[in-house]
Structures are given as C-alpha cells and as structure tokens.
Amino acid sequence: CNTPANSNNLPTPTHVPTIASLQAYLNQVYGKQANIFFTVTQSNKPVNYDLNRDGKVPDPPNPTVRTSEMQNISDCAINPFVDFNIYFVNEMNAPSATSLPKFGEAWIQDIHAESPENIAAHEIGHLLNLVHYGSLVNPGTAADKRQLMYFQTVIGFHDPCNLRKIEWDALNQ
C-alpha cells in the first residue's frame, strides 16, 4: 500500500495477541455466556499511516467518521470478507482503544497494562452495539469492574470478563 506519509515507518506494535489466544478468549467470554462464537484470522500489513508525524492515531470526531489516518489504515489493511477488522497500532489519543461500529472496525494501541485479548473483547462489544456502563457513564448503576463493558478508562478492567444479563439479551435478540 502506498501512503503519502514520511519515509520512516513507525515500529510494529508488540502488545498483540496471538490468533489462538484471542480466539480462545473471545469464545470464552462471548461463547460461554452469549452463544456467539468467533473465528480469528490475522494479516500483518504494516501501514505507514502517520500522516501528521505525531506517532499517534487521532480520535475520531464521532463514531460515524474515520480520521484521515484511520482511513489510511483501513484503505491499506481492511479485509472486506470478515465481520470486524481490529487494527493494533502504536499509540492513540484515546486511552487504550476506540471502535467505529458503523465500519465494523476497532483500533487498539500498543501502550496499555491490560491484556490485548480483554481490550479486543471489549471493543468487539462496542462493534456488537453494547455500550459502556458504570457509575460515571450511567449514574446509579452498579459498577462491577469484572463486567466486559464496564467503563474502563476510569479504573481499569480485570480478566476474566462477564456479560451482564442486559448485554446477553442484546446479543441474543
């Protein structure tokens, strides 16, 4: 893929799950709890996306628009034959990751303390139209940090993750 960015590519992310570990984790979280199963494929396509040379993928202005760097990544690396494309990148403006359900895409940065499998499962939750919950997002709700869609940017999330009944209902409509 030819890109108009600088000639020096950013380093390849290193905090990326293996195909087997991600597939097993997704099937544990969703398969056992919501009767949804995943097949994970991998394609390693380095993309020189850093158009403004700041080393980061910027946040989209809203969940229906890609930034120019996100568009560049998608144009170069998308697999149109899968339900979701998850891109692992070096760094983002977002805390750990972001997803755009309209496009079936998520971006996960390399710099985070949580497991990449857990972050991917959470972002796939957004791609499946699940939303954050927790006391800062939905005041008055119980904040159980073991839940998959807990608002992690505040405290952090913990493996393994559970789906709440409302999430199970949404996934099994």
# chains A, B, ... in the order shown; residues from 1 in each chain; ligands from 1
>>> select_by_dssp(residues="chain A", states="helix (DSSP H, G or I)", output="PyMOL selection string")
chain A and resi 19-34+68-77+116-127+152-155+165-171
>>> residues_around(residues="Ala121 in chain A", least_positions_apart="2", cutoff="9 Å", atoms="only C-alpha atoms", output="list in words")
Leu22, Tyr25, Leu26, Val29, Tyr30, Pro116, Glu117, Asn118, Ile119, Glu123, Ile124, Gly125, His126, Leu148 and Cys161 of chain A
>>> residues_around(residues="range 34-45 of chain A", least_positions_apart="2", cutoff="10 Å", atoms="only C-alpha atoms", output="number ranges by chain")
A: 1, 12, 18-32, 47-48, 73, 76-79, 82-88, 163-165, 167-172
>>> write_last_selection(atoms="N, CA, C and O atoms", output="short mmCIF file (atom, residue, chain, number, x, y, z; two decimals), in the first residue's frame")
data_model
loop_
_atom_site.label_atom_id
_atom_site.label_comp_id
_atom_site.auth_asym_id
_atom_site.auth_seq_id
_atom_site.Cartn_x
_atom_site.Cartn_y
_atom_site.Cartn_z
N CYS A 1 0.84 -1.17 0.00
CA CYS A 1 0.00 0.00 0.00
C CYS A 1 0.90 1.25 0.00
O CYS A 1 1.78 1.38 0.84
N THR A 12 6.60 -1.67 14.63
CA THR A 12 5.45 -2.57 14.66
C THR A 12 5.01 -2.77 16.10
O THR A 12 5.85 -2.97 16.98
N THR A 18 -1.94 -13.47 20.16
CA THR A 18 -1.84 -14.47 19.11
C THR A 18 -3.24 -14.80 18.61
O THR A 18 -4.23 -14.53 19.30
N ILE A 19 -3.33 -15.39 17.45
CA ILE A 19 -4.62 -15.81 16.91
C ILE A 19 -5.31 -16.75 17.89
O ILE A 19 -6.48 -16.58 18.23
N ALA A 20 -4.58 -17.73 18.38
CA ALA A 20 -5.16 -18.73 19.28
C ALA A 20 -5.62 -18.12 20.60
O ALA A 20 -6.71 -18.44 21.08
N SER A 21 -4.81 -17.21 21.18
CA SER A 21 -5.21 -16.64 22.47
C SER A 21 -6.42 -15.73 22.33
O SER A 21 -7.31 -15.74 23.18
N LEU A 22 -6.49 -14.95 21.25
CA LEU A 22 -7.63 -14.05 21.06
C LEU A 22 -8.89 -14.85 20.78
O LEU A 22 -9.95 -14.60 21.35
N GLN A 23 -8.80 -15.84 19.91
CA GLN A 23 -9.98 -16.65 19.59
C GLN A 23 -10.48 -17.38 20.83
O GLN A 23 -11.69 -17.40 21.09
N ALA A 24 -9.58 -17.96 21.61
CA ALA A 24 -9.99 -18.67 22.83
C ALA A 24 -10.64 -17.71 23.82
O ALA A 24 -11.67 -18.03 24.43
N TYR A 25 -10.07 -16.52 23.98
CA TYR A 25 -10.63 -15.56 24.93
C TYR A 25 -12.01 -15.08 24.49
O TYR A 25 -12.94 -15.03 25.28
N LEU A 26 -12.15 -14.73 23.20
CA LEU A 26 -13.45 -14.28 22.70
C LEU A 26 -14.50 -15.36 22.85
O LEU A 26 -15.64 -15.09 23.25
N ASN A 27 -14.13 -16.59 22.56
CA ASN A 27 -15.10 -17.68 22.67
C ASN A 27 -15.41 -18.00 24.12
O ASN A 27 -16.50 -18.46 24.44
N GLN A 28 -14.47 -17.74 25.02
CA GLN A 28 -14.75 -17.92 26.45
C GLN A 28 -15.73 -16.86 26.93
O GLN A 28 -16.72 -17.16 27.59
N VAL A 29 -15.46 -15.61 26.59
CA VAL A 29 -16.31 -14.52 27.07
C VAL A 29 -17.69 -14.56 26.40
O VAL A 29 -18.72 -14.57 27.06
N TYR A 30 -17.70 -14.57 25.07
CA TYR A 30 -18.97 -14.50 24.36
C TYR A 30 -19.60 -15.88 24.17
O TYR A 30 -20.81 -16.03 24.31
N GLY A 31 -18.80 -16.87 23.80
CA GLY A 31 -19.34 -18.19 23.51
C GLY A 31 -20.01 -18.84 24.69
O GLY A 31 -21.13 -19.34 24.59
N LYS A 32 -19.35 -18.84 25.84
CA LYS A 32 -19.92 -19.47 27.02
C LYS A 32 -21.08 -18.67 27.59
O LYS A 32 -21.97 -19.22 28.22
N VAL A 47 1.45 -0.44 7.89
CA VAL A 47 0.92 0.72 7.17
C VAL A 47 1.59 1.97 7.73
O VAL A 47 1.57 2.21 8.93
N ASN A 48 2.18 2.74 6.86
CA ASN A 48 2.81 4.00 7.26
C ASN A 48 1.72 5.07 7.30
O ASN A 48 1.59 5.90 6.43
N ILE A 73 -5.29 3.61 7.26
CA ILE A 73 -5.11 2.24 7.77
C ILE A 73 -6.15 1.33 7.14
O ILE A 73 -5.83 0.24 6.64
N CYS A 76 -5.60 0.50 3.46
CA CYS A 76 -4.45 -0.38 3.20
C CYS A 76 -4.60 -1.78 3.78
O CYS A 76 -4.03 -2.72 3.25
N ALA A 77 -5.34 -1.91 4.88
CA ALA A 77 -5.30 -3.19 5.60
C ALA A 77 -6.65 -3.89 5.78
O ALA A 77 -6.68 -5.00 6.30
N ILE A 78 -7.74 -3.30 5.36
CA ILE A 78 -9.05 -3.90 5.62
C ILE A 78 -9.21 -5.24 4.92
O ILE A 78 -8.71 -5.45 3.82
N ASN A 79 -9.87 -6.15 5.61
CA ASN A 79 -10.27 -7.42 5.00
C ASN A 79 -11.79 -7.33 4.84
O ASN A 79 -12.53 -7.43 5.82
N VAL A 82 -14.54 -10.23 6.32
CA VAL A 82 -14.76 -10.57 7.73
C VAL A 82 -15.77 -9.60 8.32
O VAL A 82 -16.03 -8.53 7.77
N ASP A 83 -16.33 -9.97 9.47
CA ASP A 83 -17.32 -9.11 10.11
C ASP A 83 -16.69 -7.88 10.75
O ASP A 83 -17.26 -6.80 10.72
N PHE A 84 -15.53 -8.07 11.39
CA PHE A 84 -14.86 -6.97 12.10
C PHE A 84 -13.39 -6.95 11.75
O PHE A 84 -12.76 -8.00 11.62
N ASN A 85 -12.83 -5.76 11.63
CA ASN A 85 -11.40 -5.57 11.47
C ASN A 85 -10.90 -4.84 12.71
O ASN A 85 -11.43 -3.79 13.07
N ILE A 86 -9.89 -5.43 13.34
CA ILE A 86 -9.28 -4.81 14.52
C ILE A 86 -7.83 -4.51 14.17
O ILE A 86 -7.08 -5.39 13.76
N TYR A 87 -7.46 -3.25 14.33
CA TYR A 87 -6.12 -2.81 13.99
C TYR A 87 -5.34 -2.51 15.27
O TYR A 87 -5.82 -1.77 16.13
N PHE A 88 -4.17 -3.10 15.38
CA PHE A 88 -3.28 -2.82 16.51
C PHE A 88 -2.27 -1.79 16.05
O PHE A 88 -1.59 -2.00 15.04
N LEU A 163 -20.46 -10.97 31.03
CA LEU A 163 -21.53 -10.21 30.39
C LEU A 163 -22.68 -10.08 31.38
O LEU A 163 -23.03 -11.03 32.07
N ARG A 164 -23.28 -8.91 31.44
CA ARG A 164 -24.47 -8.72 32.25
C ARG A 164 -25.67 -9.28 31.49
O ARG A 164 -25.63 -9.43 30.28
N LYS A 165 -26.76 -9.53 32.20
CA LYS A 165 -27.96 -10.07 31.54
C LYS A 165 -28.45 -9.15 30.43
O LYS A 165 -28.83 -9.62 29.36
N GLU A 167 -26.72 -7.29 28.54
CA GLU A 167 -25.84 -7.48 27.39
C GLU A 167 -26.16 -8.81 26.69
O GLU A 167 -26.22 -8.88 25.46
N TRP A 168 -26.39 -9.87 27.48
CA TRP A 168 -26.77 -11.15 26.92
C TRP A 168 -28.04 -11.01 26.12
O TRP A 168 -28.16 -11.51 25.00
N ASP A 169 -29.03 -10.30 26.68
CA ASP A 169 -30.30 -10.09 25.97
C ASP A 169 -30.07 -9.35 24.65
O ASP A 169 -30.65 -9.71 23.62
N ALA A 170 -29.24 -8.32 24.67
CA ALA A 170 -28.98 -7.54 23.46
C ALA A 170 -28.29 -8.40 22.40
O ALA A 170 -28.58 -8.29 21.20
N LEU A 171 -27.39 -9.28 22.81
CA LEU A 171 -26.66 -10.11 21.85
C LEU A 171 -27.49 -11.27 21.34
O LEU A 171 -27.20 -11.81 20.27
N ASN A 172 -28.52 -11.66 22.05
CA ASN A 172 -29.33 -12.81 21.66
C ASN A 172 -30.74 -12.44 21.21
O ASN A 172 -31.69 -13.19 21.40
#
>>> residues_around(residues="range 59-65 of chain A", least_positions_apart="5", cutoff="8 Å", atoms="only C-alpha atoms", output="number ranges by chain")
A: 92-94, 98-103
>>> write_last_selection(atoms="all heavy atoms", output="CSV table (one decimal), in the first residue's frame")
chain,number,residue,atom,x,y,z
A,92,MET,N,-2.4,5.9,20.4
A,92,MET,CA,-3.6,6.7,20.0
A,92,MET,C,-3.8,7.8,21.0
A,92,MET,O,-3.2,7.8,22.1
A,92,MET,CB,-4.8,5.7,20.1
A,92,MET,CG,-4.7,4.5,19.3
A,92,MET,SD,-6.2,3.5,19.5
A,92,MET,CE,-7.4,4.6,18.8
A,93,ASN,N,-4.6,8.7,20.6
A,93,ASN,CA,-5.0,9.8,21.6
A,93,ASN,C,-6.0,9.2,22.6
A,93,ASN,O,-6.1,9.7,23.7
A,93,ASN,CB,-5.7,11.0,20.8
A,93,ASN,CG,-4.7,11.7,20.0
A,93,ASN,OD1,-3.5,11.7,20.3
A,93,ASN,ND2,-5.1,12.4,19.0
A,94,ALA,N,-6.8,8.2,22.2
A,94,ALA,CA,-7.7,7.5,23.1
A,94,ALA,C,-7.0,6.8,24.2
A,94,ALA,O,-5.8,6.4,24.0
A,94,ALA,CB,-8.6,6.5,22.3
A,98,THR,N,-10.4,2.5,20.5
A,98,THR,CA,-11.6,3.1,20.1
A,98,THR,C,-12.2,2.2,19.0
A,98,THR,O,-11.5,1.4,18.4
A,98,THR,CB,-11.4,4.5,19.6
A,98,THR,OG1,-12.7,5.1,19.4
A,98,THR,CG2,-10.7,4.5,18.3
A,99,SER,N,-13.5,2.3,18.9
A,99,SER,CA,-14.2,1.5,17.9
A,99,SER,C,-15.2,2.3,17.1
A,99,SER,O,-15.7,3.3,17.6
A,99,SER,CB,-14.9,0.2,18.5
A,99,SER,OG,-15.8,0.6,19.5
A,100,LEU,N,-15.4,1.9,15.9
A,100,LEU,CA,-16.4,2.6,15.0
A,100,LEU,C,-17.3,1.5,14.5
A,100,LEU,O,-17.1,0.9,13.4
A,100,LEU,CB,-15.7,3.3,13.8
A,100,LEU,CG,-14.7,4.4,14.2
A,100,LEU,CD1,-14.0,5.0,13.0
A,100,LEU,CD2,-15.4,5.5,15.0
A,101,PRO,N,-18.5,1.3,15.2
A,101,PRO,CA,-19.4,0.2,14.8
A,101,PRO,C,-19.9,0.4,13.3
A,101,PRO,O,-20.1,-0.6,12.7
A,101,PRO,CB,-20.5,0.4,15.8
A,101,PRO,CG,-19.9,1.0,17.0
A,101,PRO,CD,-18.8,1.9,16.5
A,102,LYS,N,-20.1,1.6,12.9
A,102,LYS,CA,-20.6,1.8,11.5
A,102,LYS,C,-19.7,1.1,10.5
A,102,LYS,O,-20.2,0.6,9.5
A,102,LYS,CB,-20.6,3.3,11.2
A,102,LYS,CG,-21.0,3.6,9.8
A,102,LYS,CD,-20.9,5.1,9.5
A,102,LYS,CE,-21.2,5.4,8.0
A,102,LYS,NZ,-21.2,6.8,7.7
A,103,PHE,N,-18.4,1.1,10.8
A,103,PHE,CA,-17.4,0.5,9.8
A,103,PHE,C,-17.0,-1.0,10.2
A,103,PHE,O,-16.3,-1.6,9.5
A,103,PHE,CB,-16.2,1.3,9.7
A,103,PHE,CG,-16.5,2.7,9.2
A,103,PHE,CD1,-16.4,3.8,10.1
A,103,PHE,CD2,-16.8,3.0,7.9
A,103,PHE,CE1,-16.7,5.1,9.7
A,103,PHE,CE2,-17.1,4.3,7.5
A,103,PHE,CZ,-17.0,5.3,8.4
>>> select_by_dssp(residues="chain A", states="strand (DSSP E or B)", output="PDB file with all heavy atoms, in the first residue's frame")
ATOM      1  N   VAL A  57      -2.534   7.729  16.393  1.00  0.00           N
ATOM      2  CA  VAL A  57      -3.768   7.745  15.618  1.00  0.00           C
ATOM      3  C   VAL A  57      -4.736   8.646  16.375  1.00  0.00           C
ATOM      4  O   VAL A  57      -5.029   8.390  17.540  1.00  0.00           O
ATOM      5  CB  VAL A  57      -4.370   6.327  15.481  1.00  0.00           C
ATOM      6  CG1 VAL A  57      -5.721   6.380  14.795  1.00  0.00           C
ATOM      7  CG2 VAL A  57      -3.423   5.413  14.724  1.00  0.00           C
ATOM      8  N   ASN A  85     -12.832  -5.757  11.634  1.00  0.00           N
ATOM      9  CA  ASN A  85     -11.400  -5.571  11.468  1.00  0.00           C
ATOM     10  C   ASN A  85     -10.895  -4.842  12.707  1.00  0.00           C
ATOM     11  O   ASN A  85     -11.426  -3.793  13.067  1.00  0.00           O
ATOM     12  CB  ASN A  85     -11.101  -4.727  10.223  1.00  0.00           C
ATOM     13  CG  ASN A  85     -11.224  -5.529   8.950  1.00  0.00           C
ATOM     14  OD1 ASN A  85     -10.290  -6.207   8.550  1.00  0.00           O
ATOM     15  ND2 ASN A  85     -12.391  -5.485   8.316  1.00  0.00           N
ATOM     16  N   ILE A  86      -9.888  -5.428  13.342  1.00  0.00           N
ATOM     17  CA  ILE A  86      -9.277  -4.815  14.516  1.00  0.00           C
ATOM     18  C   ILE A  86      -7.831  -4.508  14.166  1.00  0.00           C
ATOM     19  O   ILE A  86      -7.085  -5.391  13.755  1.00  0.00           O
ATOM     20  CB  ILE A  86      -9.357  -5.737  15.741  1.00  0.00           C
ATOM     21  CG1 ILE A  86     -10.827  -6.038  16.054  1.00  0.00           C
ATOM     22  CG2 ILE A  86      -8.670  -5.102  16.943  1.00  0.00           C
ATOM     23  CD1 ILE A  86     -11.029  -7.031  17.158  1.00  0.00           C
ATOM     24  N   TYR A  87      -7.455  -3.249  14.335  1.00  0.00           N
ATOM     25  CA  TYR A  87      -6.116  -2.809  13.993  1.00  0.00           C
ATOM     26  C   TYR A  87      -5.344  -2.515  15.273  1.00  0.00           C
ATOM     27  O   TYR A  87      -5.822  -1.775  16.129  1.00  0.00           O
ATOM     28  CB  TYR A  87      -6.177  -1.540  13.127  1.00  0.00           C
ATOM     29  CG  TYR A  87      -7.057  -1.695  11.910  1.00  0.00           C
ATOM     30  CD1 TYR A  87      -8.272  -1.036  11.816  1.00  0.00           C
ATOM     31  CD2 TYR A  87      -6.673  -2.520  10.857  1.00  0.00           C
ATOM     32  CE1 TYR A  87      -9.082  -1.167  10.705  1.00  0.00           C
ATOM     33  CE2 TYR A  87      -7.482  -2.663   9.736  1.00  0.00           C
ATOM     34  CZ  TYR A  87      -8.685  -1.988   9.667  1.00  0.00           C
ATOM     35  OH  TYR A  87      -9.481  -2.133   8.565  1.00  0.00           O
ATOM     36  N   PHE A  88      -4.167  -3.098  15.385  1.00  0.00           N
ATOM     37  CA  PHE A  88      -3.283  -2.816  16.514  1.00  0.00           C
ATOM     38  C   PHE A  88      -2.270  -1.789  16.045  1.00  0.00           C
ATOM     39  O   PHE A  88      -1.586  -1.999  15.040  1.00  0.00           O
ATOM     40  CB  PHE A  88      -2.604  -4.101  16.996  1.00  0.00           C
ATOM     41  CG  PHE A  88      -3.564  -5.028  17.679  1.00  0.00           C
ATOM     42  CD1 PHE A  88      -4.310  -5.939  16.961  1.00  0.00           C
ATOM     43  CD2 PHE A  88      -3.745  -4.968  19.054  1.00  0.00           C
ATOM     44  CE1 PHE A  88      -5.219  -6.776  17.587  1.00  0.00           C
ATOM     45  CE2 PHE A  88      -4.647  -5.801  19.694  1.00  0.00           C
ATOM     46  CZ  PHE A  88      -5.386  -6.701  18.959  1.00  0.00           C
ATOM     47  N   VAL A  89      -2.226  -0.664  16.743  1.00  0.00           N
ATOM     48  CA  VAL A  89      -1.365   0.455  16.356  1.00  0.00           C
ATOM     49  C   VAL A  89      -0.467   0.830  17.524  1.00  0.00           C
ATOM     50  O   VAL A  89      -0.686   0.417  18.656  1.00  0.00           O
ATOM     51  CB  VAL A  89      -2.204   1.669  15.902  1.00  0.00           C
ATOM     52  CG1 VAL A  89      -3.040   1.326  14.676  1.00  0.00           C
ATOM     53  CG2 VAL A  89      -3.085   2.190  17.022  1.00  0.00           C
ATOM     54  N   MET A  92      -2.375   5.928  20.412  1.00  0.00           N
ATOM     55  CA  MET A  92      -3.580   6.658  20.044  1.00  0.00           C
ATOM     56  C   MET A  92      -3.772   7.823  21.001  1.00  0.00           C
ATOM     57  O   MET A  92      -3.186   7.849  22.074  1.00  0.00           O
ATOM     58  CB  MET A  92      -4.805   5.747  20.131  1.00  0.00           C
ATOM     59  CG  MET A  92      -4.717   4.516  19.269  1.00  0.00           C
ATOM     60  SD  MET A  92      -6.168   3.495  19.455  1.00  0.00           S
ATOM     61  CE  MET A  92      -7.408   4.596  18.833  1.00  0.00           C
ATOM     62  N   ALA A  97      -8.148   2.287  23.406  1.00  0.00           N
ATOM     63  CA  ALA A  97      -8.710   1.815  22.147  1.00  0.00           C
ATOM     64  C   ALA A  97      -9.928   2.643  21.780  1.00  0.00           C
ATOM     65  O   ALA A  97     -10.464   3.380  22.601  1.00  0.00           O
ATOM     66  CB  ALA A  97      -9.093   0.345  22.285  1.00  0.00           C
ATOM     67  N   THR A  98     -10.377   2.465  20.548  1.00  0.00           N
ATOM     68  CA  THR A  98     -11.616   3.069  20.099  1.00  0.00           C
ATOM     69  C   THR A  98     -12.218   2.171  19.032  1.00  0.00           C
ATOM     70  O   THR A  98     -11.511   1.393  18.386  1.00  0.00           O
ATOM     71  CB  THR A  98     -11.398   4.502  19.569  1.00  0.00           C
ATOM     72  OG1 THR A  98     -12.660   5.150  19.425  1.00  0.00           O
ATOM     73  CG2 THR A  98     -10.652   4.517  18.255  1.00  0.00           C
ATOM     74  N   SER A  99     -13.512   2.255  18.875  1.00  0.00           N
ATOM     75  CA  SER A  99     -14.176   1.454  17.850  1.00  0.00           C
ATOM     76  C   SER A  99     -15.189   2.301  17.100  1.00  0.00           C
ATOM     77  O   SER A  99     -15.723   3.270  17.630  1.00  0.00           O
ATOM     78  CB  SER A  99     -14.857   0.232  18.468  1.00  0.00           C
ATOM     79  OG  SER A  99     -15.780   0.631  19.451  1.00  0.00           O
ATOM     80  N   LEU A 100     -15.402   1.920  15.850  1.00  0.00           N
ATOM     81  CA  LEU A 100     -16.380   2.584  14.995  1.00  0.00           C
ATOM     82  C   LEU A 100     -17.340   1.522  14.467  1.00  0.00           C
ATOM     83  O   LEU A 100     -17.087   0.893  13.436  1.00  0.00           O
ATOM     84  CB  LEU A 100     -15.691   3.312  13.835  1.00  0.00           C
ATOM     85  CG  LEU A 100     -14.707   4.419  14.211  1.00  0.00           C
ATOM     86  CD1 LEU A 100     -14.049   5.010  12.979  1.00  0.00           C
ATOM     87  CD2 LEU A 100     -15.406   5.503  15.011  1.00  0.00           C
ATOM     88  N   GLU A 105     -14.981  -1.617  12.676  1.00  0.00           N
ATOM     89  CA  GLU A 105     -13.536  -1.506  12.902  1.00  0.00           C
ATOM     90  C   GLU A 105     -13.234  -1.023  14.319  1.00  0.00           C
ATOM     91  O   GLU A 105     -13.984  -0.231  14.887  1.00  0.00           O
ATOM     92  CB  GLU A 105     -12.919  -0.519  11.911  1.00  0.00           C
ATOM     93  CG  GLU A 105     -13.033  -0.955  10.472  1.00  0.00           C
ATOM     94  CD  GLU A 105     -12.513   0.077   9.504  1.00  0.00           C
ATOM     95  OE1 GLU A 105     -12.466   1.283   9.827  1.00  0.00           O
ATOM     96  OE2 GLU A 105     -12.152  -0.318   8.395  1.00  0.00           O
ATOM     97  N   ALA A 106     -12.106  -1.510  14.835  1.00  0.00           N
ATOM     98  CA  ALA A 106     -11.603  -1.051  16.131  1.00  0.00           C
ATOM     99  C   ALA A 106     -10.100  -0.865  16.017  1.00  0.00           C
ATOM    100  O   ALA A 106      -9.433  -1.545  15.235  1.00  0.00           O
ATOM    101  CB  ALA A 106     -11.930  -2.060  17.228  1.00  0.00           C
ATOM    102  N   TRP A 107      -9.584   0.074  16.811  1.00  0.00           N
ATOM    103  CA  TRP A 107      -8.153   0.353  16.886  1.00  0.00           C
ATOM    104  C   TRP A 107      -7.728   0.183  18.333  1.00  0.00           C
ATOM    105  O   TRP A 107      -8.349   0.752  19.232  1.00  0.00           O
ATOM    106  CB  TRP A 107      -7.858   1.780  16.424  1.00  0.00           C
ATOM    107  CG  TRP A 107      -8.007   1.948  14.947  1.00  0.00           C
ATOM    108  CD1 TRP A 107      -7.004   1.917  14.027  1.00  0.00           C
ATOM    109  CD2 TRP A 107      -9.209   2.161  14.213  1.00  0.00           C
ATOM    110  NE1 TRP A 107      -7.519   2.105  12.765  1.00  0.00           N
ATOM    111  CE2 TRP A 107      -8.872   2.244  12.851  1.00  0.00           C
ATOM    112  CE3 TRP A 107     -10.553   2.270  14.571  1.00  0.00           C
ATOM    113  CZ2 TRP A 107      -9.816   2.437  11.857  1.00  0.00           C
ATOM    114  CZ3 TRP A 107     -11.493   2.467  13.574  1.00  0.00           C
ATOM    115  CH2 TRP A 107     -11.116   2.548  12.238  1.00  0.00           C
ATOM    116  N   ILE A 108      -6.651  -0.572  18.556  1.00  0.00           N
ATOM    117  CA  ILE A 108      -6.140  -0.819  19.900  1.00  0.00           C
ATOM    118  C   ILE A 108      -4.676  -0.408  19.921  1.00  0.00           C
ATOM    119  O   ILE A 108      -3.890  -0.851  19.084  1.00  0.00           O
ATOM    120  CB  ILE A 108      -6.294  -2.305  20.289  1.00  0.00           C
ATOM    121  CG1 ILE A 108      -7.776  -2.688  20.262  1.00  0.00           C
ATOM    122  CG2 ILE A 108      -5.663  -2.584  21.651  1.00  0.00           C
ATOM    123  CD1 ILE A 108      -8.045  -4.160  20.428  1.00  0.00           C
ATOM    124  N   GLN A 109      -4.325   0.420  20.902  1.00  0.00           N
ATOM    125  CA  GLN A 109      -2.939   0.890  20.967  1.00  0.00           C
ATOM    126  C   GLN A 109      -2.051  -0.102  21.705  1.00  0.00           C
ATOM    127  O   GLN A 109      -2.518  -0.910  22.499  1.00  0.00           O
ATOM    128  CB  GLN A 109      -2.860   2.274  21.584  1.00  0.00           C
ATOM    129  CG  GLN A 109      -3.071   2.348  23.065  1.00  0.00           C
ATOM    130  CD  GLN A 109      -2.807   3.752  23.574  1.00  0.00           C
ATOM    131  OE1 GLN A 109      -2.276   4.615  22.882  1.00  0.00           O
ATOM    132  NE2 GLN A 109      -3.168   3.986  24.811  1.00  0.00           N
ATOM    133  N   TYR A 133     -21.040   1.003  30.707  1.00  0.00           N
ATOM    134  CA  TYR A 133     -21.879   1.287  31.852  1.00  0.00           C
ATOM    135  C   TYR A 133     -20.976   1.418  33.054  1.00  0.00           C
ATOM    136  O   TYR A 133     -19.802   1.080  33.018  1.00  0.00           O
ATOM    137  CB  TYR A 133     -22.949   0.206  32.060  1.00  0.00           C
ATOM    138  CG  TYR A 133     -22.414  -1.046  32.686  1.00  0.00           C
ATOM    139  CD1 TYR A 133     -22.526  -1.252  34.056  1.00  0.00           C
ATOM    140  CD2 TYR A 133     -21.752  -1.988  31.929  1.00  0.00           C
ATOM    141  CE1 TYR A 133     -22.000  -2.384  34.634  1.00  0.00           C
ATOM    142  CE2 TYR A 133     -21.225  -3.119  32.506  1.00  0.00           C
ATOM    143  CZ  TYR A 133     -21.356  -3.308  33.851  1.00  0.00           C
ATOM    144  OH  TYR A 133     -20.830  -4.418  34.433  1.00  0.00           O
ATOM    145  N   GLN A 147     -17.178  -6.772  34.715  1.00  0.00           N
ATOM    146  CA  GLN A 147     -18.063  -6.820  33.557  1.00  0.00           C
ATOM    147  C   GLN A 147     -17.339  -6.337  32.305  1.00  0.00           C
ATOM    148  O   GLN A 147     -16.556  -5.395  32.358  1.00  0.00           O
ATOM    149  CB  GLN A 147     -19.314  -5.980  33.802  1.00  0.00           C
ATOM    150  CG  GLN A 147     -20.104  -6.420  35.016  1.00  0.00           C
ATOM    151  CD  GLN A 147     -20.608  -7.842  34.921  1.00  0.00           C
ATOM    152  OE1 GLN A 147     -20.928  -8.327  33.849  1.00  0.00           O
ATOM    153  NE2 GLN A 147     -20.660  -8.527  36.043  1.00  0.00           N
ATOM    154  N   TYR A 150     -17.734  -2.560  31.352  1.00  0.00           N
ATOM    155  CA  TYR A 150     -17.510  -1.559  32.390  1.00  0.00           C
ATOM    156  C   TYR A 150     -16.675  -0.424  31.815  1.00  0.00           C
ATOM    157  O   TYR A 150     -15.792  -0.640  30.992  1.00  0.00           O
ATOM    158  CB  TYR A 150     -16.805  -2.189  33.597  1.00  0.00           C
ATOM    159  CG  TYR A 150     -16.510  -1.198  34.700  1.00  0.00           C
ATOM    160  CD1 TYR A 150     -17.542  -0.666  35.457  1.00  0.00           C
ATOM    161  CD2 TYR A 150     -15.223  -0.774  34.958  1.00  0.00           C
ATOM    162  CE1 TYR A 150     -17.292   0.263  36.450  1.00  0.00           C
ATOM    163  CE2 TYR A 150     -14.962   0.151  35.963  1.00  0.00           C
ATOM    164  CZ  TYR A 150     -16.008   0.671  36.702  1.00  0.00           C
ATOM    165  OH  TYR A 150     -15.764   1.590  37.681  1.00  0.00           O
ATOM    166  N   ASN A 162     -17.187 -10.677  32.421  1.00  0.00           N
ATOM    167  CA  ASN A 162     -18.520 -11.258  32.405  1.00  0.00           C
ATOM    168  C   ASN A 162     -19.464 -10.356  31.630  1.00  0.00           C
ATOM    169  O   ASN A 162     -19.292  -9.146  31.607  1.00  0.00           O
ATOM    170  CB  ASN A 162     -19.044 -11.397  33.837  1.00  0.00           C
ATOM    171  CG  ASN A 162     -18.149 -12.259  34.682  1.00  0.00           C
ATOM    172  OD1 ASN A 162     -17.725 -13.317  34.260  1.00  0.00           O
ATOM    173  ND2 ASN A 162     -17.842 -11.792  35.877  1.00  0.00           N
TER     174      ASN A 162
END
>>> closest_residue(among="A:Lys56, A:Asp75, A:Leu128, A:Pro17", to="Pro95 in chain A", atoms="only C-alpha atoms")
A:Lys56
>>> residues_around(residues="Asp110 in chain A", least_positions_apart="3", cutoff="8 Å", atoms="only C-alpha atoms", output="PyMOL selection string")
chain A and resi 13-16+88-91
>>> closest_residue(among="A:Pro46, A:Pro58, A:Gly104, A:Pro80", to="Leu10 in chain A", atoms="only C-alpha atoms")
A:Pro46
>>> atom_distance(atom1="CA of Asn72 in chain A", atom2="CA of Gly55 in chain A")
14.2 Å
>>> decode(residues="range 64-68 of chain A", atoms="N, CA, C and O atoms", output="PDB file, in the first residue's frame")
ATOM      1  N   THR A  64     -19.154   7.887  13.544  1.00  0.00           N
ATOM      2  CA  THR A  64     -19.543   7.635  12.158  1.00  0.00           C
ATOM      3  C   THR A  64     -18.512   8.156  11.162  1.00  0.00           C
ATOM      4  O   THR A  64     -18.740   8.112   9.955  1.00  0.00           O
ATOM      5  N   VAL A  65     -17.378   8.665  11.664  1.00  0.00           N
ATOM      6  CA  VAL A  65     -16.362   9.272  10.799  1.00  0.00           C
ATOM      7  C   VAL A  65     -14.989   8.737  11.177  1.00  0.00           C
ATOM      8  O   VAL A  65     -14.639   8.685  12.351  1.00  0.00           O
ATOM      9  N   ARG A  66     -14.207   8.346  10.180  1.00  0.00           N
ATOM     10  CA  ARG A  66     -12.810   7.978  10.415  1.00  0.00           C
ATOM     11  C   ARG A  66     -11.954   9.234  10.280  1.00  0.00           C
ATOM     12  O   ARG A  66     -12.241  10.098   9.464  1.00  0.00           O
ATOM     13  N   THR A  67     -10.853   9.292  11.044  1.00  0.00           N
ATOM     14  CA  THR A  67      -9.871  10.341  10.807  1.00  0.00           C
ATOM     15  C   THR A  67      -9.107   9.979   9.541  1.00  0.00           C
ATOM     16  O   THR A  67      -9.195   8.844   9.054  1.00  0.00           O
ATOM     17  N   SER A  68      -8.334  10.906   9.011  1.00  0.00           N
ATOM     18  CA  SER A  68      -7.580  10.604   7.786  1.00  0.00           C
ATOM     19  C   SER A  68      -6.594   9.464   8.016  1.00  0.00           C
ATOM     20  O   SER A  68      -6.379   8.635   7.121  1.00  0.00           O
TER      21      SER A  68
END
